[in-house]
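Asker: Pasting a structure below so you can have a look.
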Amino acid sequence: MQELTKTQSLFVQALMHFDIGRCRELLVGQHTVGDCSTHPEEIVVPALENIGQSWECGHISLSQVYMSSRVCERVMEKILSRVSTKQESSARLAIGVIEDYHALGKRMVISSLIAAGYKPIDLGHGLKADELVEGVLRENADILLISCLMFASAVRVKDVVEGLKRAGSRIPVVVGGAPFRLDPLLWKEVGAHAMGKNSAEAVKIIRELDGRQP
């Protein structure tokens with residue numbers, strides 16, 4: 001099991017007690033306005049992965065894993081919503097979770113994008129490849145972001161990329177999630193344009209791609 005820092009361990013303890021106030025207290029100050037190098041996900045992601053590993057080992061229940069994710073969603077939404085910008089982009093961003101129903105990663109990316117001046121279009125979660133393609137075409141998106149939790153879902157990104165090409169779309173596809181962090185080359189294998197390890201990286205990537213939009 002991954003070794004945690006002191007703050008990450010305290011965050012896990014707070015999650016196990018569903019202590020929203022304590023979780024928020026531990027994350028406050030982790031997000032520096034205008035500086036994407038420091039981000040609360042450095043605490044949240046390892047903590048949730050640790051909790052997931054505990055469940056796989058039979059140390060905690062599935063309901064505890066679920067509640068931990070819900071607590072993280074509430075805390076992250078509050079923290080990231082505090083960061084705002086006056087500069088808005090006209091780029092149309094679409095984001096969705098392919099096949100998986102775990103939406104925490106997507107929600108953190110959406111919150112960070114909003115804070116960076118974007119207005120992402122949430123296509124939803126538990127989506128099939130063709131549903132993502134349909135959503136992109138329907139919304140006339142300039143960039144598509146795809147989040148996933150399982151490897152089996154990650155490989156389906158290739159179907160999305162190919163589906164977009166068949167439809168005549170060449171928009172960039174940016175991916176993120178545990179499978180792509182575990183296999184640094186997977187995003188290239190499925191035909192994505194880029195991969196973000198967390199929402200802070202996702203914002204940097206989108207800013208670069210946005211600068212190349214006509």
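Labels for the structure tokens follow display order: chains A, B, ..., residues from 1 in each chain, ligands from 1.
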List every residue of region 159-207 of chain A that has an atom at most 6 Å from any atom of region 109-133 of chain A, and for each one report the closest atom pair and its distance in Å to one decimal, counting only C-alpha atoms, with rows sorted by chain and then by increasing residue number, as JSON lines.
Answerer:
{"residue": "A:Asp159", "atom": "CA", "partner": "A:Ala129", "partner_atom": "CA", "distance": 5.9}
{"residue": "A:Val160", "atom": "CA", "partner": "A:Ala129", "partner_atom": "CA", "distance": 5.0}
{"residue": "A:Leu164", "atom": "CA", "partner": "A:Val133", "partner_atom": "CA", "distance": 5.9}
{"residue": "A:Ser199", "atom": "CA", "partner": "A:Val109", "partner_atom": "CA", "distance": 4.6}
Asker: Skipping near chain neighbours, those fewer than 5 positions away, what residues fall within 12 Å of Asp183 (chain A) using only C-alpha atoms, listed as number ranges by chain?
Answerer: A: 150-151, 154-155, 176-178, 188-190, 195, 197
Asker: Find the residues near region 169-171 of chain A: any atom within 12 Å, counting only C-alpha atoms, skip ones fewer than 5 places away on the same chain, and give them as a ChimeraX atom specification.
Answerer: /A:91-94,133-134,136-138,140-145,160-164,191-194,209-210,212-214
Asker: Run DSSP on the backbone and give me the residues of chain A it puts in alpha helix (DSSP H), as a PyMOL selection string.
Answerer: chain A and resi 6-16+20-27+41-56+62-80+104-115+129-139+151-154+157-166+178-182+186-189+199-210
Asker: Counting only C-alpha atoms, figure out which residue out of A:Asp100, A:Val12, A:Glu42, A:Ile205 gets nearest to Ser54 (chain A).
Answerer: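 For Ser54 (chain A), the nearest of the given residues is A:Val12.
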Asker: Which residues in region 71-194 of chain A does DSSP call strand (DSSP E or B)? List them as a list in words.
Answerer: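 Taking region 71-194 of chain A and keeping strand (DSSP E or B) only, one gets Leu93, Ala94, Ile95, Gly96, Val97, Ile98, Ile121, Asp122, Leu123, Gly124, His125, Gly126, Leu127, Ile143, Leu144, Leu145, Ile146, Ser147, Val173, Val174, Val175, Gly176 and Ala194 of chain A.
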Asker: Suppose we keep C-alpha atoms; can you now write the selection as a compact mmCIF listing (two decimals), in the first residue's frame?
Answerer:
# COMPACT_ATOMS: atom_id res chain seq x y z
CA LEU A 93 -15.12 22.35 -23.68
CA ALA A 94 -17.02 19.08 -23.29
CA ILE A 95 -16.22 16.65 -20.48
CA GLY A 96 -17.54 13.22 -19.58
CA VAL A 97 -16.74 9.96 -17.80
CA ILE A 98 -16.52 6.97 -20.10
CA ILE A 121 -20.20 21.35 -20.79
CA ASP A 122 -20.82 18.32 -18.57
CA LEU A 123 -21.84 15.39 -20.79
CA GLY A 124 -22.35 13.15 -17.76
CA HIS A 125 -20.89 9.84 -16.59
CA GLY A 126 -21.33 6.16 -17.40
CA LEU A 127 -21.19 7.10 -21.09
CA ILE A 143 -12.00 20.16 -26.97
CA LEU A 144 -13.13 16.92 -25.31
CA LEU A 145 -11.96 15.83 -21.86
CA ILE A 146 -12.52 12.21 -20.82
CA SER A 147 -12.15 10.84 -17.28
CA VAL A 173 -9.09 14.63 -26.80
CA VAL A 174 -7.58 15.05 -23.33
CA VAL A 175 -7.73 12.13 -20.90
CA GLY A 176 -7.18 11.61 -17.20
CA ALA A 194 -2.74 14.74 -24.09
Asker: Pick out the residues sitting within 10 Å of Leu48 (chain A), and hand them over as a CSV table (one decimal) with N, CA and C atoms, in the first residue's frame; count only C-alpha atoms, and ignore anything fewer than 5 positions along from it in its own chain.
Answerer:
chain,number,residue,atom,x,y,z
A,8,GLN,N,-1.7,13.7,4.3
A,8,GLN,CA,-2.5,12.7,3.6
A,8,GLN,C,-3.1,11.7,4.6
A,11,PHE,N,-5.8,13.3,6.5
A,11,PHE,CA,-7.0,13.5,5.6
A,11,PHE,C,-7.8,12.2,5.5
A,12,VAL,N,-7.1,11.1,5.4
A,12,VAL,CA,-7.7,9.8,5.4
A,12,VAL,C,-8.6,9.6,6.6
A,15,LEU,N,-11.7,11.6,6.5
A,15,LEU,CA,-12.6,11.0,5.6
A,15,LEU,C,-13.3,9.8,6.3
A,41,GLU,N,-5.4,18.3,-4.8
A,41,GLU,CA,-5.4,16.9,-5.3
A,41,GLU,C,-4.1,16.2,-4.8
A,43,ILE,N,-3.2,15.9,-2.0
A,43,ILE,CA,-3.7,15.2,-0.8
A,43,ILE,C,-4.8,14.3,-1.1
A,53,GLN,N,-7.5,1.0,-1.8
A,53,GLN,CA,-6.7,-0.2,-1.5
A,53,GLN,C,-7.1,-0.9,-0.2
A,54,SER,N,-7.5,-0.1,0.7
A,54,SER,CA,-8.0,-0.6,2.0
A,54,SER,C,-9.3,-1.5,1.8
A,65,VAL,N,-16.1,3.7,1.3
A,65,VAL,CA,-15.4,4.2,0.1
A,65,VAL,C,-16.3,5.2,-0.6
A,68,SER,N,-16.6,8.5,1.5
A,68,SER,CA,-15.4,9.2,1.4
A,68,SER,C,-15.4,10.0,0.1
A,69,SER,N,-15.8,9.4,-1.0
A,69,SER,CA,-15.8,10.2,-2.3
A,69,SER,C,-16.8,11.3,-2.2
A,72,CYS,N,-15.3,14.2,-0.3
A,72,CYS,CA,-14.3,14.8,-1.1
A,72,CYS,C,-15.0,15.8,-2.1
Asker: With distances taken over only C-alpha atoms, which of A:Arg156, A:Arg24, A:Lys204, A:Lys165 is nearest to Val44 (chain A)?
Answerer: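 Among the listed residues, the smallest separation from Val44 (chain A) belongs to A:Arg24.
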Asker: Just want the 12 Å neighbourhood of Ser9 (chain A), counted on only C-alpha atoms, with same-chain residues fewer than 6 positions away dropped. Output as number ranges by chain.
Answerer: A: 2-3, 15-16, 23, 26, 43-51
Asker: Can I get the selection written as an mmCIF file, in the first residue's frame, with C-alpha atoms?
Answerer:
data_model
loop_
_atom_site.group_PDB
_atom_site.id
_atom_site.type_symbol
_atom_site.label_atom_id
_atom_site.label_comp_id
_atom_site.auth_asym_id
_atom_site.auth_seq_id
_atom_site.Cartn_x
_atom_site.Cartn_y
_atom_site.Cartn_z
ATOM 1 C CA GLN A 2 1.217 3.485 -0.903
ATOM 2 C CA GLU A 3 2.977 5.327 1.907
ATOM 3 C CA LEU A 15 -12.621 10.998 5.614
ATOM 4 C CA MET A 16 -13.141 7.824 7.620
ATOM 5 C CA CYS A 23 -11.129 17.772 5.616
ATOM 6 C CA LEU A 26 -6.499 20.202 5.930
ATOM 7 C CA ILE A 43 -3.652 15.224 -0.813
ATOM 8 C CA VAL A 44 -7.030 14.057 -2.108
ATOM 9 C CA VAL A 45 -5.918 11.652 -4.851
ATOM 10 C CA PRO A 46 -3.402 9.639 -2.768
ATOM 11 C CA ALA A 47 -5.870 9.546 0.126
ATOM 12 C CA LEU A 48 -8.682 8.162 -2.030
ATOM 13 C CA GLU A 49 -6.343 5.647 -3.659
ATOM 14 C CA ASN A 50 -5.282 4.522 -0.172
ATOM 15 C CA ILE A 51 -8.923 4.102 0.851
#
Asker: Which value, in Å to one decimal, gives the distance between CA of Gly52 (chain A) and CA of Tyr66 (chain A)?
Answerer: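 Result for CA of Gly52 (chain A) versus CA of Tyr66 (chain A): 9.8 Å, one decimal.
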Asker: For Gly105 (chain A), which of A:Ala200, A:Gly211, A:Ser89, A:Arg22 is the closest residue, counting only C-alpha atoms?
Answerer: A:Ala200
Asker: For CA of Leu10 (chain A) and CA of Arg107 (chain A), quote the distance in Å rounded to one decimal.
Answerer: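 Computing it gives 23.0 Å between the two atoms.
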Asker: With only C-alpha atoms as the basis for distance, which of A:Val28, A:Ala167, A:Met108, A:Ala103 is at the shortest distance from Asn198 (chain A)?
Answerer: A:Met108
